[in-house]
file run.tsv (TSV, C-alpha atoms)
chain	number	residue	atom	x	y	z
A	1	GLY	CA	4.58	9.63	35.93
A	2	ILE	CA	4.97	13.09	34.40
A	3	LEU	CA	7.18	14.36	37.21
A	4	ARG	CA	9.53	11.37	37.05
A	5	SER	CA	9.87	11.64	33.27
A	6	ALA	CA	10.60	15.37	33.50
A	7	ILE	CA	13.22	14.87	36.19
A	8	ARG	CA	14.88	12.25	33.99
A	9	GLU	CA	14.89	14.75	31.11
A	10	ILE	CA	16.46	17.42	33.34
A	11	SER	CA	19.07	14.91	34.50
A	12	THR	CA	19.92	14.13	30.88
A	13	PHE	CA	20.41	17.83	30.13
A	14	VAL	CA	22.72	18.13	33.14
A	15	TYR	CA	24.66	15.01	32.20
A	16	LEU	CA	25.17	16.11	28.59
A	17	GLY	CA	26.15	19.64	29.53
A	18	PRO	CA	26.14	22.53	27.03
A	19	PHE	CA	26.71	21.61	23.40
A	20	PRO	CA	26.17	23.71	20.26
A	21	ASN	CA	23.67	21.27	18.72
A	22	ILE	CA	21.69	20.36	21.85
A	23	VAL	CA	18.95	22.80	22.87
A	24	LYS	CA	19.73	24.81	26.01
A	25	ILE	CA	17.75	24.50	29.21
A	26	TYR	CA	17.67	27.65	31.38
A	27	ASN	CA	15.43	26.72	34.27
A	28	ALA	CA	13.05	24.10	35.62
A	29	ASP	CA	10.07	24.88	37.85
A	30	ILE	CA	9.00	21.74	39.74
A	31	ASN	CA	5.51	21.79	41.25
A	32	MET	CA	5.32	18.72	43.50
A	33	PRO	CA	1.65	19.08	44.58
A	34	ALA	CA	0.54	19.38	40.95
A	35	ASN	CA	2.96	16.67	39.80
A	36	SER	CA	4.16	18.94	37.00
A	37	VAL	CA	7.37	20.47	35.71
A	38	ASP	CA	7.81	23.54	33.51
A	39	LEU	CA	11.06	23.66	31.56
A	40	LEU	CA	12.40	26.96	30.25
A	41	LEU	CA	14.28	26.30	27.01
A	42	GLU	CA	15.77	28.62	24.42
A	43	LEU	CA	13.31	29.79	21.78
A	44	ALA	CA	13.78	28.49	18.24
A	45	ASP	CA	12.78	31.33	15.95
A	46	HIS	CA	12.19	28.96	13.02
A	47	GLY	CA	10.46	26.27	15.06
A	48	SER	CA	11.12	22.60	14.34
A	49	LEU	CA	12.29	20.94	11.14
A	50	ARG	CA	8.66	19.91	10.63
A	51	ASP	CA	7.49	23.52	10.96
A	52	PHE	CA	10.28	24.72	8.70
A	53	TYR	CA	9.59	22.30	5.86
A	54	ASP	CA	5.79	22.53	6.14
A	55	SER	CA	5.87	26.32	5.92
A	56	ASP	CA	4.29	27.85	2.81
A	57	ASP	CA	7.08	30.43	2.64
A	58	MET	CA	10.01	28.10	3.33
A	59	PRO	CA	13.18	29.71	1.97
A	60	ASP	CA	15.26	27.99	-0.69
A	61	ILE	CA	18.10	25.92	0.77
A	62	ASN	CA	21.20	25.56	-1.35
A	63	SER	CA	23.42	22.47	-1.22
A	64	LEU	CA	25.96	23.93	1.19
A	65	GLU	CA	23.26	25.08	3.60
A	66	PHE	CA	21.64	21.65	3.42
A	67	LYS	CA	24.95	19.92	4.13
A	68	SER	CA	25.51	22.24	7.08
A	69	MET	CA	22.04	21.47	8.49
A	70	VAL	CA	22.55	17.72	8.13
A	71	TYR	CA	26.00	17.93	9.70
A	72	GLN	CA	24.73	19.85	12.72
A	73	PHE	CA	21.84	17.42	13.22
A	74	VAL	CA	24.13	14.38	13.05
A	75	ARG	CA	26.67	16.12	15.25
A	76	GLY	CA	24.11	16.64	18.03
A	77	ILE	CA	23.01	12.99	18.03
A	78	ALA	CA	26.60	11.74	17.70
A	79	TYR	CA	27.53	13.77	20.78
A	80	MET	CA	24.74	12.13	22.77
A	81	ASN	CA	25.69	8.65	21.55
A	82	MET	CA	29.37	9.31	22.31
A	83	LEU	CA	28.31	9.85	25.93
A	84	ASP	CA	26.33	6.58	25.83
A	85	VAL	CA	22.95	8.31	25.68
A	86	ILE	CA	20.34	7.22	23.13
A	87	HIS	CA	17.69	9.80	22.24
A	88	ARG	CA	14.88	7.32	21.40
A	89	ASP	CA	12.54	9.87	19.81
A	90	ILE	CA	14.35	11.37	16.83
A	91	LYS	CA	12.00	12.93	14.27
A	92	PRO	CA	11.64	16.29	12.48
A	93	GLN	CA	9.46	17.69	15.29
A	94	ASN	CA	12.31	17.22	17.77
A	95	VAL	CA	14.99	19.08	15.82
A	96	LEU	CA	14.84	22.86	16.25
A	97	ILE	CA	16.07	25.54	13.86
A	98	PHE	CA	17.57	28.84	14.96
A	99	SER	CA	18.78	31.76	12.91
A	100	THR	CA	22.41	32.68	13.51
A	101	LYS	CA	21.27	36.16	14.57
A	102	GLY	CA	19.64	34.68	17.65
A	103	CYS	CA	22.63	32.58	18.73
A	104	SER	CA	25.81	33.57	20.51
A	105	THR	CA	29.19	32.95	18.93
A	106	SER	CA	29.66	29.77	20.97
A	107	ASP	CA	26.23	28.51	19.96
A	108	SER	CA	27.01	28.89	16.30
A	109	ASP	CA	30.19	26.80	16.53
A	110	ALA	CA	28.71	24.08	14.36
A	111	LYS	CA	30.94	24.14	11.35
A	112	SER	CA	32.52	21.17	9.71
A	113	LYS	CA	36.28	20.90	9.58
A	114	ARG	CA	35.84	19.85	5.99
A	115	SER	CA	36.33	22.62	3.48
A	116	ASN	CA	33.04	22.11	1.66
A	117	LEU	CA	30.98	23.37	4.62
A	118	LYS	CA	30.58	27.02	5.53
A	119	SER	CA	32.45	28.71	8.34
A	120	ASP	CA	30.66	29.81	11.54
A	121	SER	CA	30.21	33.37	10.33
A	122	ASP	CA	28.54	32.15	7.14
A	123	LEU	CA	26.04	29.78	8.76
A	124	LYS	CA	22.46	30.76	8.09
A	125	TYR	CA	20.76	28.22	10.36
A	126	ILE	CA	21.70	26.44	13.57
A	127	LEU	CA	20.11	23.04	14.25
A	128	LYS	CA	19.68	21.71	17.77
A	129	VAL	CA	18.33	18.41	19.04
A	130	ALA	CA	15.47	18.78	21.52
A	131	ASP	CA	12.95	16.77	23.57
A	132	LEU	CA	15.11	14.48	25.70
A	133	GLY	CA	12.17	13.07	27.65
A	134	LEU	CA	12.72	9.54	26.32
A	135	ALA	CA	16.52	9.67	26.31
A	136	ARG	CA	18.21	6.83	28.16
A	137	SER	CA	21.78	6.03	29.09
A	138	GLU	CA	23.05	2.87	27.43
A	139	VAL	CA	25.37	2.35	30.38
A	140	CYS	CA	22.45	2.40	32.80
A	141	GLY	CA	20.47	0.18	30.43
A	142	LEU	CA	23.01	-2.64	30.24
A	143	GLY	CA	21.32	-5.86	31.24
A	144	LEU	CA	17.98	-4.11	31.66
A	145	THR	CA	14.79	-4.31	29.64
A	146	LEU	CA	14.34	-1.02	27.80
A	147	THR	CA	10.96	0.59	27.28
A	148	ASN	CA	9.06	-0.46	24.18
A	149	PRO	CA	7.63	1.12	22.12
A	150	VAL	CA	9.83	4.16	21.66
A	151	TYR	CA	10.43	6.38	18.64
A	152	THR	CA	7.54	7.66	16.54
A	153	LEU	CA	6.30	4.94	14.17
A	154	TRP	CA	7.71	6.32	10.90
A	155	TYR	CA	11.20	6.56	12.43
A	156	ARG	CA	11.21	3.26	14.31
A	157	SER	CA	13.95	0.76	13.46
A	158	PRO	CA	13.17	-2.85	12.45
A	159	GLU	CA	14.48	-4.39	15.68
A	160	ILE	CA	12.07	-2.25	17.71
A	161	LEU	CA	9.20	-2.97	15.31
A	162	LEU	CA	9.97	-6.64	15.91
A	163	GLU	CA	9.53	-6.01	19.64
A	164	SER	CA	13.14	-6.27	20.75
A	165	ARG	CA	13.94	-4.48	23.99
A	166	HIS	CA	17.68	-4.93	23.59
A	167	TYR	CA	18.55	-2.09	21.25
A	168	ASP	CA	21.25	0.56	21.19
A	169	ASP	CA	22.35	3.71	19.36
A	170	LYS	CA	21.86	1.98	15.99
A	171	SER	CA	18.16	2.75	16.47
A	172	ASP	CA	19.06	6.43	16.74
A	173	ALA	CA	21.07	6.11	13.52
A	174	TRP	CA	18.04	4.63	11.74
A	175	ALA	CA	15.81	7.52	12.83
A	176	VAL	CA	18.47	10.05	11.86
A	177	ALA	CA	18.71	8.56	8.36
A	178	ALA	CA	14.92	8.57	7.94
A	179	THR	CA	14.81	12.21	9.04
A	180	ILE	CA	17.61	13.26	6.68
A	181	TYR	CA	15.78	11.58	3.79
A	182	GLU	CA	12.70	13.57	4.70
A	183	MET	CA	14.73	16.79	4.76
A	184	ALA	CA	15.92	16.08	1.21
A	185	ALA	CA	12.78	14.59	-0.34
A	186	LYS	CA	10.18	16.69	1.56
A	187	ASN	CA	8.20	13.52	2.33
A	188	ALA	CA	8.56	10.65	4.79
A	189	LEU	CA	10.51	7.55	3.76
A	190	PHE	CA	8.32	5.01	5.57
A	191	PRO	CA	4.85	6.55	6.15
A	192	ALA	CA	2.83	3.69	7.63
A	193	SER	CA	-0.49	3.27	9.40
A	194	ASP	CA	0.63	0.69	11.98
A	195	GLU	CA	3.67	-1.33	13.03
A	196	PHE	CA	3.21	-4.17	10.57
A	197	ASP	CA	2.57	-1.74	7.72
A	198	GLU	CA	5.81	-0.03	8.73
A	199	LEU	CA	7.69	-3.31	8.32
A	200	ILE	CA	6.10	-3.79	4.90
A	201	LYS	CA	7.13	-0.27	3.85
A	202	ILE	CA	10.71	-0.97	4.94
A	203	VAL	CA	10.83	-4.24	3.02
A	204	GLN	CA	9.38	-2.57	-0.08
A	205	VAL	CA	12.22	-0.03	-0.06
A	206	LEU	CA	15.15	-2.13	1.18
A	207	GLY	CA	14.11	-5.65	0.18
A	208	ILE	CA	13.74	-8.80	2.29
A	209	PRO	CA	16.90	-9.66	4.23
A	210	THR	CA	18.74	-12.83	3.27
A	211	ASP	CA	18.54	-15.90	5.51
A	212	ASN	CA	21.98	-15.11	6.91
A	213	GLU	CA	20.90	-11.54	7.69
A	214	TRP	CA	17.71	-12.74	9.37
A	215	ASN	CA	19.71	-15.24	11.45
A	216	LYS	CA	22.06	-12.50	12.62
A	217	ILE	CA	19.15	-10.19	13.46
A	218	SER	CA	17.34	-12.88	15.42
A	219	HIS	CA	20.53	-13.83	17.28
A	220	ASP	CA	21.59	-10.29	18.13
A	221	TYR	CA	18.17	-9.11	19.29
A	222	GLY	CA	16.63	-12.31	20.65
A	223	LEU	CA	13.83	-12.31	18.07
A	224	GLU	CA	13.87	-15.90	16.85
A	225	ASN	CA	10.15	-16.68	16.99
A	226	LYS	CA	8.92	-13.20	16.09
A	227	VAL	CA	11.30	-12.87	13.14
A	228	ARG	CA	10.38	-16.27	11.76
A	229	ARG	CA	6.67	-15.40	11.78
A	230	GLU	CA	7.34	-12.15	9.94
A	231	ILE	CA	9.56	-13.89	7.37
A	232	ASP	CA	6.91	-16.51	6.65
A	233	TYR	CA	4.30	-13.80	6.12
A	234	LEU	CA	6.48	-11.62	3.90
A	235	HIS	CA	7.34	-14.56	1.67
A	236	LEU	CA	3.67	-15.32	1.02
call {"tool": "encode", "arguments": {"input": "run.tsv", "output": "structure tokens"}}
result
Amino acid sequence: GILRSAIREISTFVYLGPFPNIVKIYNADINMPANSVDLLLELADHGSLRDFYDSDDMPDINSLEFKSMVYQFVRGIAYMNMLDVIHRDIKPQNVLIFSTKGCSTSDSDAKSKRSNLKSDSDLKYILKVADLGLARSEVCGLGLTLTNPVYTLWYRSPEILLESRHYDDKSDAWAVAATIYEMAAKNALFPASDEFDELIKIVQVLGIPTDNEWNKISHDYGLENKVRREIDYLHL
């Protein structure tokens, strides 16, 4: 239920600990009789990536600022995956944007060690991953059937679209890539109306996998029958 999901989200925050590109949680008010939980999180003055890019007065982003934003986004997800946690709901709505004025010095420690990214003091925006309600530990999930569906449709990886429940952080990587494309192009990469349409959109962009690729996919994710049906349809 709602309470169980919220407690799992709180547990994920505690497990991950503080990190510059993961949104901070300050308090949790658990109301057992009402089966509800109120989480107090830090306020993102620019809202989500979706809010930011849909805004009529969105500021111009130069190439260095864009690289910094992408780096911080990837850094937050990579930190989660490094600790064997998969987010499972990556999308523009779940990435928050803060101005550097509203963050402490430790919060703004999101620079790249590469020379082509700005230093902390020059950062204009801080990106933080949010909404950990669907996050799951891969360690805890070993040998278990994971929840399906997860991820919002436009950011769902092929193995999940093909109804596999044995997925890992590669599904996070897929959603990250789709989100970064959207940041650059200002439109979604795979905007579909349903799951099968999503598969069609992916094939239209990336092409139909070779027989060897399909065989590996079906072997790795236990999708033999499902994959074969989709292949037969797509070849028609």
call {"tool": "residues_around", "arguments": {"input": "run.tsv", "residues": "Gly133 (chain A)", "least_positions_apart": "4", "cutoff": "10 Å", "atoms": "all atoms listed in the file", "output": "count of residues only"}}
result
14
call {"tool": "residues_near_point", "arguments": {"input": "run.tsv", "point": "(23.1, 19.5, 10.3)", "cutoff": "12 Å", "atoms": "only C-alpha atoms", "output": "MDAnalysis selection string"}}
result
chainID A and resid 20:22 49 63:78 95:98 108:112 117:118 123:129 176:177 179:180 183
call {"tool": "closest_residue", "arguments": {"input": "run.tsv", "among": "A:Pro191, A:Leu83, A:Ala185, A:Leu40", "to": "Tyr26 (chain A)", "atoms": "all atoms listed in the file"}}
result
A:Leu40
call {"tool": "atom_distance", "arguments": {"input": "run.tsv", "atom1": "CA of Ala192 (chain A)", "atom2": "CA of His219 (chain A)"}}
result
26.7 Å
call {"tool": "residues_around", "arguments": {"input": "run.tsv", "residues": "Val85 (chain A)", "least_positions_apart": "3", "cutoff": "9 Å", "atoms": "all atoms listed in the file", "output": "PyMOL selection string"}}
result
chain A and resi 12+16+77+79-82+135-139+169
call {"tool": "atom_distance", "arguments": {"input": "run.tsv", "atom1": "CA of Gln93 (chain A)", "atom2": "CA of Phe52 (chain A)"}}
result
9.7 Å
call {"tool": "decode", "arguments": {"input": "run.tsv", "residues": "region 166-179 of chain A", "atoms": "all heavy atoms", "output": "PDB file, in the first residue's frame"}}
result
ATOM      1  N   HIS A 166      13.385  -9.824 -15.158  1.00  0.00           N
ATOM      2  CA  HIS A 166      14.768 -10.027 -14.733  1.00  0.00           C
ATOM      3  C   HIS A 166      15.625  -8.967 -15.405  1.00  0.00           C
ATOM      4  O   HIS A 166      16.315  -9.226 -16.376  1.00  0.00           O
ATOM      5  CB  HIS A 166      15.242 -11.433 -15.111  1.00  0.00           C
ATOM      6  CG  HIS A 166      14.382 -12.517 -14.562  1.00  0.00           C
ATOM      7  ND1 HIS A 166      14.388 -12.878 -13.233  1.00  0.00           N
ATOM      8  CD2 HIS A 166      13.450 -13.300 -15.159  1.00  0.00           C
ATOM      9  CE1 HIS A 166      13.511 -13.861 -13.038  1.00  0.00           C
ATOM     10  NE2 HIS A 166      12.927 -14.124 -14.177  1.00  0.00           N
ATOM     11  N   TYR A 167      15.533  -7.754 -14.879  1.00  0.00           N
ATOM     12  CA  TYR A 167      16.278  -6.639 -15.459  1.00  0.00           C
ATOM     13  C   TYR A 167      17.205  -6.064 -14.401  1.00  0.00           C
ATOM     14  O   TYR A 167      17.160  -6.434 -13.230  1.00  0.00           O
ATOM     15  CB  TYR A 167      15.333  -5.572 -16.000  1.00  0.00           C
ATOM     16  CG  TYR A 167      14.274  -5.123 -15.027  1.00  0.00           C
ATOM     17  CD1 TYR A 167      14.536  -4.127 -14.099  1.00  0.00           C
ATOM     18  CD2 TYR A 167      13.003  -5.711 -15.027  1.00  0.00           C
ATOM     19  CE1 TYR A 167      13.576  -3.725 -13.192  1.00  0.00           C
ATOM     20  CE2 TYR A 167      12.042  -5.307 -14.112  1.00  0.00           C
ATOM     21  CZ  TYR A 167      12.328  -4.320 -13.203  1.00  0.00           C
ATOM     22  OH  TYR A 167      11.389  -3.929 -12.301  1.00  0.00           O
ATOM     23  N   ASP A 168      18.062  -5.140 -14.828  1.00  0.00           N
ATOM     24  CA  ASP A 168      19.053  -4.589 -13.904  1.00  0.00           C
ATOM     25  C   ASP A 168      19.269  -3.113 -14.209  1.00  0.00           C
ATOM     26  O   ASP A 168      18.401  -2.462 -14.812  1.00  0.00           O
ATOM     27  CB  ASP A 168      20.355  -5.384 -13.991  1.00  0.00           C
ATOM     28  CG  ASP A 168      20.857  -5.517 -15.427  1.00  0.00           C
ATOM     29  OD1 ASP A 168      20.537  -4.635 -16.255  1.00  0.00           O
ATOM     30  OD2 ASP A 168      21.575  -6.486 -15.732  1.00  0.00           O
ATOM     31  N   ASP A 169      20.443  -2.581 -13.833  1.00  0.00           N
ATOM     32  CA  ASP A 169      20.684  -1.150 -14.001  1.00  0.00           C
ATOM     33  C   ASP A 169      20.811  -0.721 -15.458  1.00  0.00           C
ATOM     34  O   ASP A 169      20.841   0.465 -15.758  1.00  0.00           O
ATOM     35  CB  ASP A 169      21.909  -0.706 -13.210  1.00  0.00           C
ATOM     36  CG  ASP A 169      23.166  -1.498 -13.556  1.00  0.00           C
ATOM     37  OD1 ASP A 169      23.138  -2.289 -14.505  1.00  0.00           O
ATOM     38  OD2 ASP A 169      24.178  -1.315 -12.851  1.00  0.00           O
ATOM     39  N   LYS A 170      20.869  -1.672 -16.394  1.00  0.00           N
ATOM     40  CA  LYS A 170      20.863  -1.298 -17.814  1.00  0.00           C
ATOM     41  C   LYS A 170      19.552  -0.606 -18.185  1.00  0.00           C
ATOM     42  O   LYS A 170      19.520   0.230 -19.092  1.00  0.00           O
ATOM     43  CB  LYS A 170      21.087  -2.527 -18.697  1.00  0.00           C
ATOM     44  CG  LYS A 170      22.427  -3.216 -18.508  1.00  0.00           C
ATOM     45  CD  LYS A 170      22.575  -4.381 -19.464  1.00  0.00           C
ATOM     46  CE  LYS A 170      23.853  -5.166 -19.199  1.00  0.00           C
ATOM     47  NZ  LYS A 170      23.815  -5.867 -17.901  1.00  0.00           N
ATOM     48  N   SER A 171      18.474  -0.948 -17.480  1.00  0.00           N
ATOM     49  CA  SER A 171      17.192  -0.285 -17.738  1.00  0.00           C
ATOM     50  C   SER A 171      17.228   1.166 -17.271  1.00  0.00           C
ATOM     51  O   SER A 171      16.617   2.044 -17.882  1.00  0.00           O
ATOM     52  CB  SER A 171      16.055  -1.039 -17.040  1.00  0.00           C
ATOM     53  OG  SER A 171      15.889  -2.328 -17.606  1.00  0.00           O
ATOM     54  N   ASP A 172      17.967   1.430 -16.199  1.00  0.00           N
ATOM     55  CA  ASP A 172      18.195   2.814 -15.783  1.00  0.00           C
ATOM     56  C   ASP A 172      18.986   3.556 -16.858  1.00  0.00           C
ATOM     57  O   ASP A 172      18.681   4.711 -17.188  1.00  0.00           O
ATOM     58  CB  ASP A 172      18.984   2.856 -14.462  1.00  0.00           C
ATOM     59  CG  ASP A 172      18.082   2.861 -13.234  1.00  0.00           C
ATOM     60  OD1 ASP A 172      16.845   2.801 -13.390  1.00  0.00           O
ATOM     61  OD2 ASP A 172      18.618   2.917 -12.105  1.00  0.00           O
ATOM     62  N   ALA A 173      20.014   2.900 -17.396  1.00  0.00           N
ATOM     63  CA  ALA A 173      20.854   3.536 -18.415  1.00  0.00           C
ATOM     64  C   ALA A 173      20.027   3.907 -19.648  1.00  0.00           C
ATOM     65  O   ALA A 173      20.223   4.976 -20.237  1.00  0.00           O
ATOM     66  CB  ALA A 173      22.005   2.604 -18.809  1.00  0.00           C
ATOM     67  N   TRP A 174      19.097   3.045 -20.030  1.00  0.00           N
ATOM     68  CA  TRP A 174      18.220   3.329 -21.169  1.00  0.00           C
ATOM     69  C   TRP A 174      17.391   4.585 -20.904  1.00  0.00           C
ATOM     70  O   TRP A 174      17.298   5.483 -21.755  1.00  0.00           O
ATOM     71  CB  TRP A 174      17.306   2.137 -21.438  1.00  0.00           C
ATOM     72  CG  TRP A 174      16.332   2.335 -22.554  1.00  0.00           C
ATOM     73  CD1 TRP A 174      15.121   2.983 -22.493  1.00  0.00           C
ATOM     74  CD2 TRP A 174      16.492   1.924 -23.913  1.00  0.00           C
ATOM     75  NE1 TRP A 174      14.506   2.992 -23.718  1.00  0.00           N
ATOM     76  CE2 TRP A 174      15.325   2.351 -24.611  1.00  0.00           C
ATOM     77  CE3 TRP A 174      17.473   1.239 -24.597  1.00  0.00           C
ATOM     78  CZ2 TRP A 174      15.134   2.096 -25.977  1.00  0.00           C
ATOM     79  CZ3 TRP A 174      17.290   0.981 -25.957  1.00  0.00           C
ATOM     80  CH2 TRP A 174      16.134   1.415 -26.622  1.00  0.00           C
ATOM     81  N   ALA A 175      16.794   4.661 -19.727  1.00  0.00           N
ATOM     82  CA  ALA A 175      15.952   5.813 -19.384  1.00  0.00           C
ATOM     83  C   ALA A 175      16.775   7.088 -19.273  1.00  0.00           C
ATOM     84  O   ALA A 175      16.312   8.172 -19.654  1.00  0.00           O
ATOM     85  CB  ALA A 175      15.210   5.538 -18.074  1.00  0.00           C
ATOM     86  N   VAL A 176      17.990   6.979 -18.767  1.00  0.00           N
ATOM     87  CA  VAL A 176      18.883   8.133 -18.696  1.00  0.00           C
ATOM     88  C   VAL A 176      19.171   8.652 -20.103  1.00  0.00           C
ATOM     89  O   VAL A 176      19.107   9.861 -20.371  1.00  0.00           O
ATOM     90  CB  VAL A 176      20.198   7.765 -17.981  1.00  0.00           C
ATOM     91  CG1 VAL A 176      21.266   8.832 -18.217  1.00  0.00           C
ATOM     92  CG2 VAL A 176      19.962   7.601 -16.481  1.00  0.00           C
ATOM     93  N   ALA A 177      19.504   7.750 -21.019  1.00  0.00           N
ATOM     94  CA  ALA A 177      19.819   8.153 -22.394  1.00  0.00           C
ATOM     95  C   ALA A 177      18.622   8.818 -23.061  1.00  0.00           C
ATOM     96  O   ALA A 177      18.767   9.841 -23.747  1.00  0.00           O
ATOM     97  CB  ALA A 177      20.266   6.939 -23.208  1.00  0.00           C
ATOM     98  N   ALA A 178      17.421   8.262 -22.856  1.00  0.00           N
ATOM     99  CA  ALA A 178      16.223   8.853 -23.448  1.00  0.00           C
ATOM    100  C   ALA A 178      15.963  10.245 -22.875  1.00  0.00           C
ATOM    101  O   ALA A 178      15.520  11.154 -23.590  1.00  0.00           O
ATOM    102  CB  ALA A 178      15.017   7.945 -23.207  1.00  0.00           C
ATOM    103  N   THR A 179      16.251  10.422 -21.595  1.00  0.00           N
ATOM    104  CA  THR A 179      16.052  11.726 -20.957  1.00  0.00           C
ATOM    105  C   THR A 179      17.074  12.743 -21.452  1.00  0.00           C
ATOM    106  O   THR A 179      16.735  13.910 -21.707  1.00  0.00           O
ATOM    107  CB  THR A 179      16.143  11.588 -19.429  1.00  0.00           C
ATOM    108  OG1 THR A 179      15.134  10.672 -18.970  1.00  0.00           O
ATOM    109  CG2 THR A 179      15.927  12.937 -18.745  1.00  0.00           C
TER     110      THR A 179
END
